[in-house]
Each structure stands twice: as C-alpha cells, then as structure tokens.
Amino acid sequence: MDNRFNHLLFLCAVFTVFICCFQDVTWAGNDIREETLEDGVKHWFRVRDTDKKPWFFKQLENVLDVVLSDGGGLPFDRSVAFLAGVSRYEHLSPQLDFVKNDLEALRLFLLNQGGFDEVYSASDEVVTPALLNRYMRNKFRRSLKKNDRLLFYYSGHGADLGGRTGYIQLSRARPDDFAANVLRIDECEEWSRFIPAGHLLFIYDCCVSGLAFTAKSGDSDSYRRLLSTLSGNGSRTVITAGTASEKTFGVREHSVFTKAFLDSLRNARKNTSGFVTINQVFAQTEINVKEFARRYDKKLTPRRWELEEDKYRGTFVFVDSNAKNVKLDGKVRESLPVVPKGEIVAEYGIILLTSYVTGKVFIDGTDMGNIEQGDAKRYYDQIVGRHEVEVCSGSRCISRTADVAKGKETRVRIRPAEASVTTTSVPRLTPTTLPEKEPETEGTWTDPVTGMEFVWVPKGCFKMGSPPGEKGRYSDEGPVHEVCVDGFWMGKYEVTNKQYRKYKSGHNSGDYEGNFLDGDNQPAVRVSWDDAKAFAKWLTGKSRHEFRLPTEAEWEYACRAGTQTARFWGDDPDDACRYASVADQTHNCDDGYAVTAPVGSFSPNSFRLYDMLGNIWEWCEDIYDSDAYRKHKRNNPIYADGGSDRVRRGGSWYGKPAYVRCAERDHYSPASRGNLLGFRLVRTP
C-alpha cells in the first residue's frame, strides 16, 4: 500500500513538473476567460484588476522592478489582437496544416508574454471578407479608442495580380480568381483610416506585393521611435512574409516566417530597456528567416512598411520578458510615470469624509460607524478604485462616489441639500436625508458595480396617452388620463453591452446584416424581459439599493420630461436625427448610424435622459393590456393583471415615425430576444 502511494506521489510530481516546464505561460493566472461569439470567432480576454492597469504595464513592472502610476501618464491603454488563418482550401493547394499551430502559438505568446489584454481568433471557413471588414471597419472602429493598440495577423495563401496588387486568399478562393473570397492586402491602409487606435500592426504570413510604400529593413531608428511611442505618438506598420515571387513554407509544424517572428520576440536577450520594438523584432526576423531559407534551400524575403510616417512617428512595442538587471535609460524613465519599488508600497488610499449631516457612514455598503454633523473623519486602507460613500439617517441616505488613488487622500463632502464633492470624481446625489423635501433635480448618482449613471426624475403629474388627432396614434394609447408619479432615479442611458457583461460576461449583441451591435458603449440588445429582471435582481444583491424596470407610467413621464407633444423635441418626426437613432429612410434625415448608436450620442431631453426615443425598444415592468388605461389608478399606476406579454416603449433604430413617440405602446413575450430589444433601469429612492 505504501509503495503504491509513494509511486502515485511520484507520478503527480512528474506531471506537475511537466506542466510547469512546457506550458507557454508567463505571469498568467486564472484571469483569462474564453468565449465563442455567434459569428464563430473565438475571444480570449483578461479580467483587469481593480487598478484597471493594462496587462502590458503590469508585466513591465515585473521586468523593471518598479511601480507605474495608474493615475494617468501611461503611453497607451488596451492591447488587442485579431488573428485570422486559413489551413484548409477547397480549390487551392497545398493545404497549410501549420496555420492552426501558428495561430495558437501566437495567441499564447500575446496573452501570456506579449502584454495583450484581448485576442480574437478566426480560422478556415469562419474567415471571410465580410467578417474581416466587419471587425476592422465596424467593431474596432467603435470599440477601440485613441490610446489603444491593435495587432492584425493573417496566415494562409496569398496571390499577386500582375505584379501590381497583392491579395490574401480565403478558404473558397480559386486560382487566378480575384473577384471573390479574396481581400486586397492594401485594404489595411483603408482600415487604418477607420480604426482610431493609436498603434496598428498588420502582419501577413503570405507572399504578396502591391503595397505602394517604401519598404524598410533593420532597426536603426528603433530607439528614437521608442521614445516617441512613450511620449504618446502612434504607429502604423505592415509586415509581410515575402514577395509575390516567393512561397511561404513550413518547418516542424510551423510556418518559417511565424516561427522566426516568435523566436525573435521570445529571445530578445540583447535588449536592456525592458521593451522590444517591432523594428528590432523585424531585424532579427530577417536574420532568422535567412538562416531557415539557407538551410532548406528556399528563398523568402520579409518586407516592412510604415504608413503615414509624417503623422505617426512611434513604433509598436512588446514587453521583453527575458530582460534582466534592467537600468532604465534617463529619457525612457522621464517618459514613464515610474516610482521605484520601496518608495511607495501603498495598494490603498484614504477617504477623508466631511459630513454636514449626522448619521451612519457606509462605504460600499460596509458599516463604518457614526459621524456627527460638522465632523471630518479619515477612513484608511481603502482599495484603489471607485467607492460609494453614504451617510444615512433613518431610511434616507446621501451618497457620493470617491475615486481612490494609491497612497493618496480623496476628500468627500456630504451636505444635506446640495451635491458638493471635492474629489476626483463627478458629483453624485441620492435623495436627501434632512430636511424632508425633494432632492434637487440636478442630482446624479453612479452605481459603483457597473458604472451606470442615474439621474433624479422629480415627482409630478402629466397627461398619459395620446389625443385622437396625434399622427401615428394607435387605439391602445387612450384614453388620455392624468397620472402622478413619485420621484425616482432613472438610468441616464440604456444599459450598455459593457455594463451588461458585468453580469453575463459572455453576452454578445451580435450584428445586423454586417453592422456591429456589440460595441462596449452600444446598448445591450437580444435581452429578454426575463433577462432584464434577472440583471436588476443581481445588481440589487450587490448594492444597498433596489433596482427594477420602470413602470409604463414612469417611462412615459420620463420620456415627455414636461412636454405634451408627440416627441420630447416636438411633433416633427424629421427632427429626430438630432435626438435619436431611427430608421433614416422614413424620417427624411440621416442620424449617422446604420444600427444602434453608442449611448449618449444625441441630445437629451429636459430631464437629461438620453435615447428615450429610438436606438432600442426598452422593456417596462407592466403586463400589456390594450385597455389598461381605463384601469389605471391616478397615483403610481402599474398594470399587473392577466395576460403574459410585457410592455416595451420608445421605438428603435429600425423604427418608423409612428413608433418613435412618447405615447407609443408595444408588447412582446417576456422570453423574447431581438436586435431591437434592450432596457434601462430605475433605482428606488
């Protein structure tokens, strides 16, 4: 028995050593998540820590043995990659079995060693011209910002049309057919105009020509470009494996070019700055490829181009994970917000609260004890990030947000009837504690879990429904009747994809006929009434507040914002494009968006609520009944009797004028999902 047990322990130890030695992982934990999107693209993304620092700079801190301030000053933010490869072809030969190995090897390097936050990967029949253009022209144009970076990689067959234009050939491409299932390689120049990211790197592991730029070699200007990058300058670089007259080839289950490229990244041991520039990587790749080509009696000549050099003078950089005993160059140090380890060790900050109200203090829902009117108290060891600070008296609370920075003191002032905050955050306000009166209508409040902003909608009475003469009116919008609602907090915007993914990380709003719906700041769609209720319940469980869907009466009151016209801007539907994303062809105007617009893209109504009409239909709490208005009570009505369909309000980006009105009522099954359906929440006082 003992011998068998010892033998088992030995095997476990051997297996552990095997895993540690052969996994391509550096500083990688369980914070990488994987999902497969509806279009077949796989997506890996790293969950950020509370300090929100990009993974690139967290790795760099390990290499340089320093702390980099996350309070601003970093030269760039997210690093995102899109990897595409075709190994199986219907009409072309040979089949490229090494492509999938290359995609996997590059993905592992970028996530685990290269400092990347996200990687998308598509292979074989999933890769089409439409898919590539959808991501490069639409998704990344909307989701990436000026201080982000994007790496695009393609591996597969390439071809050349008469020595003039190079093409990448996708899985259904045919020999000498340049009309279908191909994409011009100089499309990357057009993509670079669409994508706002500061740094773009295009890598083509195929042999093509036709780029009307001056090719470069070596790394003579590497240091100058590094300094320019750290100063915030961007870059646009294109690399190809070879020329049109050459053929890529594989060795030991990998493409020669990609293997040479990855070897250059992994073995940049001569570098002493902690960074590896793409110029340095390319110079070493040229050497590695020449060695492979000589050994196997082949010819392969990698090429490099810089786009718009007069505008972009930086370079794409990677973390040199092999660097040791790095001594930062003075100019490099000046370009980074560096604090040597030992000088600051604080992972926390301090909240200094001055309260002009007597009550109990809560920070993120945790009871911190009492505070007297006029007192100032410090709350130490607050984790870096955004916190909700509340002073509660009885059942009513005043709330502010505080953005805590490492080792610093953030000041918060709480007054009984005004929104006064001297912190790095925007003022927030919930209903007042003392005295007993309505909160000021300029109050806003931000949920610390999702970042959703809420605005205070004051109590009031209004005429609900539409008069018989209103153009586009339906019979279920009457009779017009007076309704009064109590004040409530309403989402300033519709719930976005980014916010909804805090609850359901794999949510994908998809697209409509190639038009992207899944941007972080676009409203979440394909969300049922049941889904929206579950989201509200989840958020309530993480807060001291209750969240819910608006009643139909609350929604119309908030939409009208004191008006009695068909729309909060007036009666003319053709004015819609200043206020809403709508069906342009039926409104005789152009709102600038083919589908949903990022929330807040248009002018708000008088309550400072955005997109109350158009963009997406919004779920309400009520059960739908065509005759509900005859059954409404005057104060805070909600219809909850009989029936199963739930009310949706506001019209959508696909909506004709009759649907884009404050009184318009529609309904759907509570389990229904669609690319026009989303929601916003109400927070009870």
# chains A, B, ... in the order shown; residues from 1 in each chain; ligands from 1
call {"tool": "closest_atom_pairs", "arguments": {"of": "stretch 481-592 of chain A", "to": "stretch 137-161 of chain A", "cutoff": "8 Å", "atoms": "only C-alpha atoms", "output": "CSV"}}
result
residue,atom,partner,partner_atom,distance
A:Asn515,CA,A:Asn138,CA,6.9
A:Phe516,CA,A:Lys139,CA,5.9
A:Asp518,CA,A:Lys139,CA,7.5
A:Gly519,CA,A:Ser143,CA,5.4
A:Asp520,CA,A:Ser143,CA,6.1
A:Asn521,CA,A:Ser143,CA,7.7
call {"tool": "residues_around", "arguments": {"residues": "stretch 373-377 of chain A", "least_positions_apart": "4", "cutoff": "9 Å", "atoms": "only C-alpha atoms", "output": "VMD selection string"}}
result
chain A and resid 351 to 359 413
call {"tool": "residues_around", "arguments": {"residues": "A:Thr586", "least_positions_apart": "4", "cutoff": "10 Å", "atoms": "only C-alpha atoms", "output": "compact mmCIF listing (two decimals) with all heavy atoms, in the first residue's frame"}}
result
# COMPACT_ATOMS: atom_id res chain seq x y z
N PRO A 573 -41.40 64.52 -36.91
CA PRO A 573 -40.53 63.34 -36.89
C PRO A 573 -39.21 63.57 -37.61
O PRO A 573 -38.21 62.89 -37.31
CB PRO A 573 -41.37 62.27 -37.59
CG PRO A 573 -42.32 63.02 -38.46
CD PRO A 573 -42.63 64.28 -37.71
N ASP A 574 -39.16 64.51 -38.54
CA ASP A 574 -37.94 64.73 -39.31
C ASP A 574 -36.85 65.46 -38.52
O ASP A 574 -35.73 65.62 -39.00
CB ASP A 574 -38.26 65.51 -40.60
CG ASP A 574 -39.11 64.68 -41.56
OD1 ASP A 574 -39.18 63.45 -41.37
OD2 ASP A 574 -39.70 65.27 -42.47
N VAL A 582 -32.74 56.41 -35.56
CA VAL A 582 -34.04 55.96 -36.08
C VAL A 582 -33.85 55.43 -37.50
O VAL A 582 -32.75 55.45 -38.05
CB VAL A 582 -35.06 57.12 -36.09
CG1 VAL A 582 -35.39 57.55 -34.67
CG2 VAL A 582 -34.53 58.31 -36.89
N TYR A 654 -34.66 50.97 -35.97
CA TYR A 654 -35.38 50.45 -37.13
C TYR A 654 -36.79 51.03 -37.19
O TYR A 654 -37.59 50.64 -38.02
CB TYR A 654 -35.45 48.92 -37.01
CG TYR A 654 -35.72 48.19 -38.31
CD1 TYR A 654 -34.74 48.11 -39.29
CD2 TYR A 654 -36.94 47.56 -38.53
CE1 TYR A 654 -34.98 47.42 -40.48
CE2 TYR A 654 -37.18 46.86 -39.71
CZ TYR A 654 -36.19 46.80 -40.68
OH TYR A 654 -36.41 46.12 -41.85
N GLY A 655 -37.08 52.01 -36.31
CA GLY A 655 -38.45 52.44 -36.12
C GLY A 655 -38.91 53.52 -37.06
O GLY A 655 -38.24 54.54 -37.25
N LYS A 656 -40.10 53.35 -37.59
CA LYS A 656 -40.74 54.39 -38.39
C LYS A 656 -41.31 55.46 -37.46
O LYS A 656 -41.41 55.24 -36.24
CB LYS A 656 -41.83 53.78 -39.26
CG LYS A 656 -42.96 53.11 -38.48
CD LYS A 656 -43.96 52.44 -39.43
CE LYS A 656 -45.12 51.81 -38.65
NZ LYS A 656 -46.09 51.16 -39.56
N PRO A 657 -41.71 56.61 -37.98
CA PRO A 657 -42.15 57.72 -37.11
C PRO A 657 -43.25 57.36 -36.13
O PRO A 657 -43.25 57.84 -35.00
CB PRO A 657 -42.60 58.78 -38.11
CG PRO A 657 -41.76 58.54 -39.32
CD PRO A 657 -41.61 57.04 -39.39
N ALA A 658 -44.21 56.53 -36.54
CA ALA A 658 -45.32 56.19 -35.64
C ALA A 658 -44.84 55.48 -34.39
O ALA A 658 -45.47 55.57 -33.33
CB ALA A 658 -46.34 55.31 -36.38
call {"tool": "residues_around", "arguments": {"residues": "A:Asn497", "least_positions_apart": "6", "cutoff": "12 Å", "atoms": "only C-alpha atoms", "output": "list in words"}}
result
Ser143, Thr450, Met452, Tyr503, Lys504, Ser505, Gly506, His507, Asn508, Ser509, Gly510, Phe516, Leu517, Asp518, Gly519, Asp520, Asn521, Gln522, Pro523, Ala524, Val525, Arg526, Val527, Thr596, Pro598, Val599, Gly678, Phe679 and Arg680 of chain A
call {"tool": "write_last_selection", "arguments": {"atoms": "N, CA, C and O atoms", "output": "CSV table (one decimal), in the first residue's frame"}}
result
chain,number,residue,atom,x,y,z
A,143,SER,N,-15.1,50.2,-30.9
A,143,SER,CA,-14.8,49.8,-29.6
A,143,SER,C,-13.4,50.2,-29.1
A,143,SER,O,-13.1,50.3,-27.9
A,450,THR,N,-21.4,48.7,-11.8
A,450,THR,CA,-21.5,48.7,-13.2
A,450,THR,C,-21.0,50.0,-13.9
A,450,THR,O,-20.7,50.0,-15.1
A,452,MET,N,-23.0,52.5,-14.1
A,452,MET,CA,-24.2,53.1,-14.7
A,452,MET,C,-24.5,54.4,-14.0
A,452,MET,O,-24.5,54.5,-12.8
A,503,TYR,N,-22.5,41.4,-15.6
A,503,TYR,CA,-23.4,40.3,-15.1
A,503,TYR,C,-23.3,39.1,-15.9
A,503,TYR,O,-23.2,38.0,-15.3
A,504,LYS,N,-23.3,39.2,-17.2
A,504,LYS,CA,-23.2,38.0,-18.0
A,504,LYS,C,-22.1,38.2,-19.0
A,504,LYS,O,-22.2,38.8,-20.1
A,505,SER,N,-20.9,37.7,-18.6
A,505,SER,CA,-19.6,38.0,-19.3
A,505,SER,C,-19.7,37.6,-20.8
A,505,SER,O,-19.0,38.2,-21.6
A,506,GLY,N,-20.4,36.5,-21.1
A,506,GLY,CA,-20.4,36.0,-22.5
A,506,GLY,C,-21.4,36.6,-23.4
A,506,GLY,O,-21.6,36.2,-24.5
A,507,HIS,N,-22.1,37.7,-22.9
A,507,HIS,CA,-23.2,38.2,-23.7
A,507,HIS,C,-22.7,38.8,-25.0
A,507,HIS,O,-21.6,39.5,-25.0
A,508,ASN,N,-23.4,38.6,-26.1
A,508,ASN,CA,-23.0,39.1,-27.4
A,508,ASN,C,-24.2,39.6,-28.1
A,508,ASN,O,-25.2,38.9,-28.4
A,509,SER,N,-24.3,40.9,-28.3
A,509,SER,CA,-25.4,41.5,-29.0
A,509,SER,C,-25.4,41.3,-30.5
A,509,SER,O,-26.4,41.6,-31.2
A,510,GLY,N,-24.3,40.7,-31.0
A,510,GLY,CA,-24.2,40.3,-32.4
A,510,GLY,C,-24.2,41.5,-33.4
A,510,GLY,O,-23.6,42.5,-33.1
A,516,PHE,N,-22.3,46.1,-36.8
A,516,PHE,CA,-22.0,45.7,-35.5
A,516,PHE,C,-22.9,46.2,-34.4
A,516,PHE,O,-23.2,47.4,-34.4
A,517,LEU,N,-23.4,45.4,-33.5
A,517,LEU,CA,-24.2,45.8,-32.4
A,517,LEU,C,-23.6,45.6,-31.0
A,517,LEU,O,-24.2,45.9,-30.0
A,518,ASP,N,-22.4,45.1,-31.0
A,518,ASP,CA,-21.8,44.6,-29.8
A,518,ASP,C,-20.7,45.5,-29.2
A,518,ASP,O,-19.9,45.0,-28.3
A,519,GLY,N,-20.6,46.7,-29.6
A,519,GLY,CA,-19.6,47.6,-29.0
A,519,GLY,C,-19.9,47.9,-27.6
A,519,GLY,O,-21.0,47.9,-27.1
A,520,ASP,N,-18.8,48.1,-26.8
A,520,ASP,CA,-19.0,48.3,-25.4
A,520,ASP,C,-20.0,49.4,-25.0
A,520,ASP,O,-20.7,49.2,-24.0
A,521,ASN,N,-20.1,50.5,-25.8
A,521,ASN,CA,-20.9,51.6,-25.4
A,521,ASN,C,-22.3,51.6,-26.2
A,521,ASN,O,-23.0,52.5,-26.1
A,522,GLN,N,-22.5,50.6,-27.0
A,522,GLN,CA,-23.8,50.4,-27.7
A,522,GLN,C,-24.7,49.8,-26.6
A,522,GLN,O,-24.3,49.0,-25.8
A,523,PRO,N,-26.0,50.0,-26.8
A,523,PRO,CA,-26.9,49.4,-25.8
A,523,PRO,C,-27.0,47.9,-26.0
A,523,PRO,O,-26.9,47.4,-27.1
A,524,ALA,N,-27.1,47.2,-24.9
A,524,ALA,CA,-27.2,45.7,-25.0
A,524,ALA,C,-28.6,45.4,-25.6
A,524,ALA,O,-29.6,45.9,-25.2
A,525,VAL,N,-28.5,44.5,-26.6
A,525,VAL,CA,-29.7,44.0,-27.2
A,525,VAL,C,-29.7,42.5,-27.2
A,525,VAL,O,-28.8,41.9,-26.6
A,526,ARG,N,-30.8,41.9,-27.7
A,526,ARG,CA,-31.0,40.5,-27.5
A,526,ARG,C,-31.1,40.1,-26.1
A,526,ARG,O,-30.6,39.1,-25.6
A,527,VAL,N,-31.8,41.0,-25.3
A,527,VAL,CA,-32.0,40.8,-23.9
A,527,VAL,C,-33.6,40.7,-23.7
A,527,VAL,O,-34.3,41.6,-24.0
A,596,THR,N,-27.7,50.6,-34.0
A,596,THR,CA,-27.7,51.3,-32.7
A,596,THR,C,-26.5,52.3,-32.6
A,596,THR,O,-25.4,52.0,-33.1
A,598,PRO,N,-23.9,54.4,-30.1
A,598,PRO,CA,-23.4,54.4,-28.7
A,598,PRO,C,-24.3,55.3,-27.9
A,598,PRO,O,-24.7,56.4,-28.3
A,599,VAL,N,-24.6,54.9,-26.7
A,599,VAL,CA,-25.5,55.6,-25.8
A,599,VAL,C,-25.0,57.0,-25.6
A,599,VAL,O,-23.8,57.3,-25.5
A,678,GLY,N,-33.9,46.1,-25.7
A,678,GLY,CA,-32.9,46.3,-24.6
A,678,GLY,C,-33.7,46.9,-23.4
A,678,GLY,O,-34.9,46.7,-23.3
A,679,PHE,N,-33.0,47.6,-22.5
A,679,PHE,CA,-33.7,48.2,-21.4
A,679,PHE,C,-32.8,49.2,-20.7
A,679,PHE,O,-31.6,49.4,-21.0
A,680,ARG,N,-33.4,50.0,-19.8
A,680,ARG,CA,-32.7,50.8,-18.8
A,680,ARG,C,-33.4,50.6,-17.4
A,680,ARG,O,-34.5,50.1,-17.4
call {"tool": "atom_distance", "arguments": {"atom1": "atom CA of A:Ala553", "atom2": "atom CA of A:Trp653"}}
result
22.8 Å
call {"tool": "residues_around", "arguments": {"residues": "stretch 601-611 of chain A", "least_positions_apart": "5", "cutoff": "7 Å", "atoms": "only C-alpha atoms", "output": "mmCIF file with N, CA, C and O atoms, in the first residue's frame"}}
result
data_model
loop_
_atom_site.group_PDB
_atom_site.id
_atom_site.type_symbol
_atom_site.label_atom_id
_atom_site.label_comp_id
_atom_site.auth_asym_id
_atom_site.auth_seq_id
_atom_site.Cartn_x
_atom_site.Cartn_y
_atom_site.Cartn_z
ATOM 1 N N VAL A 457 -35.369 61.956 -11.362
ATOM 2 C CA VAL A 457 -36.581 62.413 -12.042
ATOM 3 C C VAL A 457 -37.560 62.852 -10.962
ATOM 4 O O VAL A 457 -38.032 62.024 -10.169
ATOM 5 N N LYS A 492 -29.497 57.137 -16.837
ATOM 6 C CA LYS A 492 -29.271 58.244 -17.761
ATOM 7 C C LYS A 492 -29.206 57.742 -19.198
ATOM 8 O O LYS A 492 -29.585 58.434 -20.142
ATOM 9 N N TYR A 493 -28.714 56.515 -19.351
ATOM 10 C CA TYR A 493 -28.579 55.873 -20.661
ATOM 11 C C TYR A 493 -29.190 54.471 -20.591
ATOM 12 O O TYR A 493 -29.421 53.920 -19.517
ATOM 13 N N ALA A 561 -40.787 64.423 -20.183
ATOM 14 C CA ALA A 561 -39.978 65.439 -19.482
ATOM 15 C C ALA A 561 -40.661 66.803 -19.500
ATOM 16 O O ALA A 561 -40.046 67.827 -19.817
ATOM 17 N N PHE A 568 -40.438 64.305 -27.342
ATOM 18 C CA PHE A 568 -39.979 65.298 -26.365
ATOM 19 C C PHE A 568 -39.360 66.515 -27.035
ATOM 20 O O PHE A 568 -39.196 67.553 -26.416
ATOM 21 N N ARG A 578 -31.479 64.634 -34.636
ATOM 22 C CA ARG A 578 -30.715 65.390 -33.627
ATOM 23 C C ARG A 578 -30.831 64.737 -32.262
ATOM 24 O O ARG A 578 -30.059 65.038 -31.352
ATOM 25 N N TYR A 579 -31.827 63.843 -32.105
ATOM 26 C CA TYR A 579 -32.156 63.315 -30.785
ATOM 27 C C TYR A 579 -32.134 61.793 -30.695
ATOM 28 O O TYR A 579 -32.161 61.255 -29.586
ATOM 29 N N ALA A 580 -32.094 61.081 -31.835
ATOM 30 C CA ALA A 580 -32.296 59.634 -31.750
ATOM 31 C C ALA A 580 -31.730 58.918 -32.976
ATOM 32 O O ALA A 580 -31.646 59.486 -34.064
#
call {"tool": "closest_residue", "arguments": {"among": "A:His481, A:His545, A:Lys53, A:Lys299", "to": "A:Ser399", "atoms": "only C-alpha atoms"}}
result
A:His545
call {"tool": "closest_atom_pairs", "arguments": {"of": "stretch 446-542 of chain A", "to": "stretch 634-639 of chain A", "cutoff": "10 Å", "atoms": "only C-alpha atoms", "output": "JSON lines"}}
result
{"residue": "A:Gly460", "atom": "CA", "partner": "A:Asn635", "partner_atom": "CA", "distance": 9.9}
{"residue": "A:Cys461", "atom": "CA", "partner": "A:Asn635", "partner_atom": "CA", "distance": 8.7}
{"residue": "A:His481", "atom": "CA", "partner": "A:Arg634", "partner_atom": "CA", "distance": 8.3}
{"residue": "A:Glu482", "atom": "CA", "partner": "A:Arg634", "partner_atom": "CA", "distance": 6.5}
{"residue": "A:Val483", "atom": "CA", "partner": "A:Arg634", "partner_atom": "CA", "distance": 4.9}
{"residue": "A:Cys484", "atom": "CA", "partner": "A:Asn635", "partner_atom": "CA", "distance": 4.8}
{"residue": "A:Val485", "atom": "CA", "partner": "A:Asn636", "partner_atom": "CA", "distance": 4.8}
{"residue": "A:Asp486", "atom": "CA", "partner": "A:Asn636", "partner_atom": "CA", "distance": 6.9}
call {"tool": "write_last_selection", "arguments": {"atoms": "C-alpha atoms", "output": "CSV table (one decimal), in the first residue's frame"}}
result
chain,number,residue,atom,x,y,z
A,460,GLY,CA,-45.1,65.2,-10.9
A,461,CYS,CA,-48.3,64.7,-12.7
A,481,HIS,CA,-55.7,60.4,-18.4
A,482,GLU,CA,-53.9,62.3,-15.6
A,483,VAL,CA,-51.2,60.2,-13.8
A,484,CYS,CA,-49.0,61.3,-10.9
A,485,VAL,CA,-45.7,59.5,-10.1
A,486,ASP,CA,-43.3,59.8,-7.2
call {"tool": "residues_around", "arguments": {"residues": "stretch 178-183 of chain A", "least_positions_apart": "5", "cutoff": "7 Å", "atoms": "only C-alpha atoms", "output": "PDB file with N, CA, C and O atoms, in the first residue's frame"}}
result
ATOM      1  N   THR A 128     -13.965  35.236 -43.663  1.00  0.00           N
ATOM      2  CA  THR A 128     -14.498  35.689 -44.948  1.00  0.00           C
ATOM      3  C   THR A 128     -14.175  37.169 -45.102  1.00  0.00           C
ATOM      4  O   THR A 128     -13.893  37.860 -44.112  1.00  0.00           O
ATOM      5  N   PRO A 129     -14.217  37.692 -46.334  1.00  0.00           N
ATOM      6  CA  PRO A 129     -14.008  39.134 -46.500  1.00  0.00           C
ATOM      7  C   PRO A 129     -14.984  39.959 -45.676  1.00  0.00           C
ATOM      8  O   PRO A 129     -14.620  40.980 -45.089  1.00  0.00           O
ATOM      9  N   TYR A 167      -3.119  40.004 -52.851  1.00  0.00           N
ATOM     10  CA  TYR A 167      -4.371  39.563 -52.250  1.00  0.00           C
ATOM     11  C   TYR A 167      -4.104  38.448 -51.245  1.00  0.00           C
ATOM     12  O   TYR A 167      -3.211  37.624 -51.443  1.00  0.00           O
ATOM     13  N   ILE A 168      -4.906  38.418 -50.162  1.00  0.00           N
ATOM     14  CA  ILE A 168      -4.944  37.232 -49.331  1.00  0.00           C
ATOM     15  C   ILE A 168      -6.098  36.377 -49.834  1.00  0.00           C
ATOM     16  O   ILE A 168      -7.148  36.886 -50.224  1.00  0.00           O
ATOM     17  N   GLN A 169      -5.897  35.057 -49.857  1.00  0.00           N
ATOM     18  CA  GLN A 169      -6.882  34.138 -50.419  1.00  0.00           C
ATOM     19  C   GLN A 169      -7.516  33.333 -49.291  1.00  0.00           C
ATOM     20  O   GLN A 169      -6.810  32.669 -48.522  1.00  0.00           O
ATOM     21  N   LEU A 170      -8.849  33.363 -49.218  1.00  0.00           N
ATOM     22  CA  LEU A 170      -9.555  32.711 -48.143  1.00  0.00           C
ATOM     23  C   LEU A 170     -10.024  31.321 -48.562  1.00  0.00           C
ATOM     24  O   LEU A 170      -9.714  30.863 -49.664  1.00  0.00           O
ATOM     25  N   ARG A 172     -12.422  29.601 -49.770  1.00  0.00           N
ATOM     26  CA  ARG A 172     -13.112  29.227 -51.009  1.00  0.00           C
ATOM     27  C   ARG A 172     -12.548  29.936 -52.230  1.00  0.00           C
ATOM     28  O   ARG A 172     -13.168  29.940 -53.301  1.00  0.00           O
ATOM     29  N   ALA A 173     -11.379  30.527 -52.094  1.00  0.00           N
ATOM     30  CA  ALA A 173     -10.754  31.213 -53.230  1.00  0.00           C
ATOM     31  C   ALA A 173     -10.362  30.216 -54.313  1.00  0.00           C
ATOM     32  O   ALA A 173     -10.087  29.044 -54.042  1.00  0.00           O
TER      33      ALA A 173
END
call {"tool": "residues_around", "arguments": {"residues": "A:Phe535", "least_positions_apart": "3", "cutoff": "8 Å", "atoms": "only C-alpha atoms", "output": "ChimeraX atom specification"}}
result
/A:500,503,531-532,538-539
call {"tool": "write_last_selection", "arguments": {"atoms": "C-alpha atoms", "output": "PDB file, in the first residue's frame"}}
result
ATOM      1  CA  TYR A 500     -24.480  44.027 -19.026  1.00  0.00           C
ATOM      2  CA  TYR A 503     -23.448  40.346 -15.057  1.00  0.00           C
ATOM      3  CA  ASP A 531     -33.027  38.691 -18.624  1.00  0.00           C
ATOM      4  CA  ALA A 532     -33.533  42.337 -17.676  1.00  0.00           C
ATOM      5  CA  TRP A 538     -28.321  40.606  -9.497  1.00  0.00           C
ATOM      6  CA  LEU A 539     -27.437  44.287  -9.166  1.00  0.00           C
TER       7      LEU A 539
END
call {"tool": "atom_distance", "arguments": {"atom1": "atom CA of A:Asn370", "atom2": "atom CA of A:Gln382"}}
result
17.7 Å
call {"tool": "atom_distance", "arguments": {"atom1": "atom CA of A:Glu308", "atom2": "atom CA of A:Thr237"}}
result
9.3 Å
call {"tool": "closest_residue", "arguments": {"among": "A:Glu286, A:Glu477, A:Asp102, A:Glu253", "to": "A:Tyr659", "atoms": "only C-alpha atoms"}}
result
A:Glu477
call {"tool": "closest_residue", "arguments": {"among": "A:Phe318, A:Arg294, A:Asn675, A:Gln499", "to": "A:Ser264", "atoms": "only C-alpha atoms"}}
result
A:Phe318
call {"tool": "select_by_dssp", "arguments": {"residues": "stretch 111-190 of chain A", "states": "strand (DSSP E or B)", "output": "ChimeraX atom specification"}}
result
/A:118-123,149-155,157-161,165-169,182-184
call {"tool": "write_last_selection", "arguments": {"atoms": "C-alpha atoms", "output": "CSV table (one decimal), in the first residue's frame"}}
result
chain,number,residue,atom,x,y,z
A,118,GLU,CA,-7.6,40.6,-25.6
A,119,VAL,CA,-7.2,38.2,-28.5
A,120,TYR,CA,-9.8,37.3,-31.2
A,121,SER,CA,-9.1,34.3,-33.4
A,122,ALA,CA,-10.8,33.1,-36.5
A,123,SER,CA,-9.9,30.2,-38.8
A,149,ARG,CA,-3.4,49.2,-29.8
A,150,LEU,CA,-4.4,46.6,-32.4
A,151,LEU,CA,-2.4,43.8,-33.9
A,152,PHE,CA,-3.9,42.1,-37.0
A,153,TYR,CA,-2.3,38.8,-38.2
A,154,TYR,CA,-3.2,36.7,-41.2
A,155,SER,CA,-1.7,33.3,-42.2
A,157,HIS,CA,-2.3,31.6,-49.2
A,158,GLY,CA,-1.6,34.9,-51.0
A,159,ALA,CA,-1.5,35.8,-54.6
A,160,ASP,CA,-0.5,38.7,-56.9
A,161,LEU,CA,-2.4,40.2,-59.7
A,165,THR,CA,-1.8,44.2,-56.3
A,166,GLY,CA,-1.4,41.6,-53.6
A,167,TYR,CA,-4.4,39.6,-52.2
A,168,ILE,CA,-4.9,37.2,-49.3
A,169,GLN,CA,-6.9,34.1,-50.4
A,182,VAL,CA,-10.1,37.3,-51.6
A,183,LEU,CA,-9.1,40.6,-50.0
A,184,ARG,CA,-6.6,43.2,-51.2
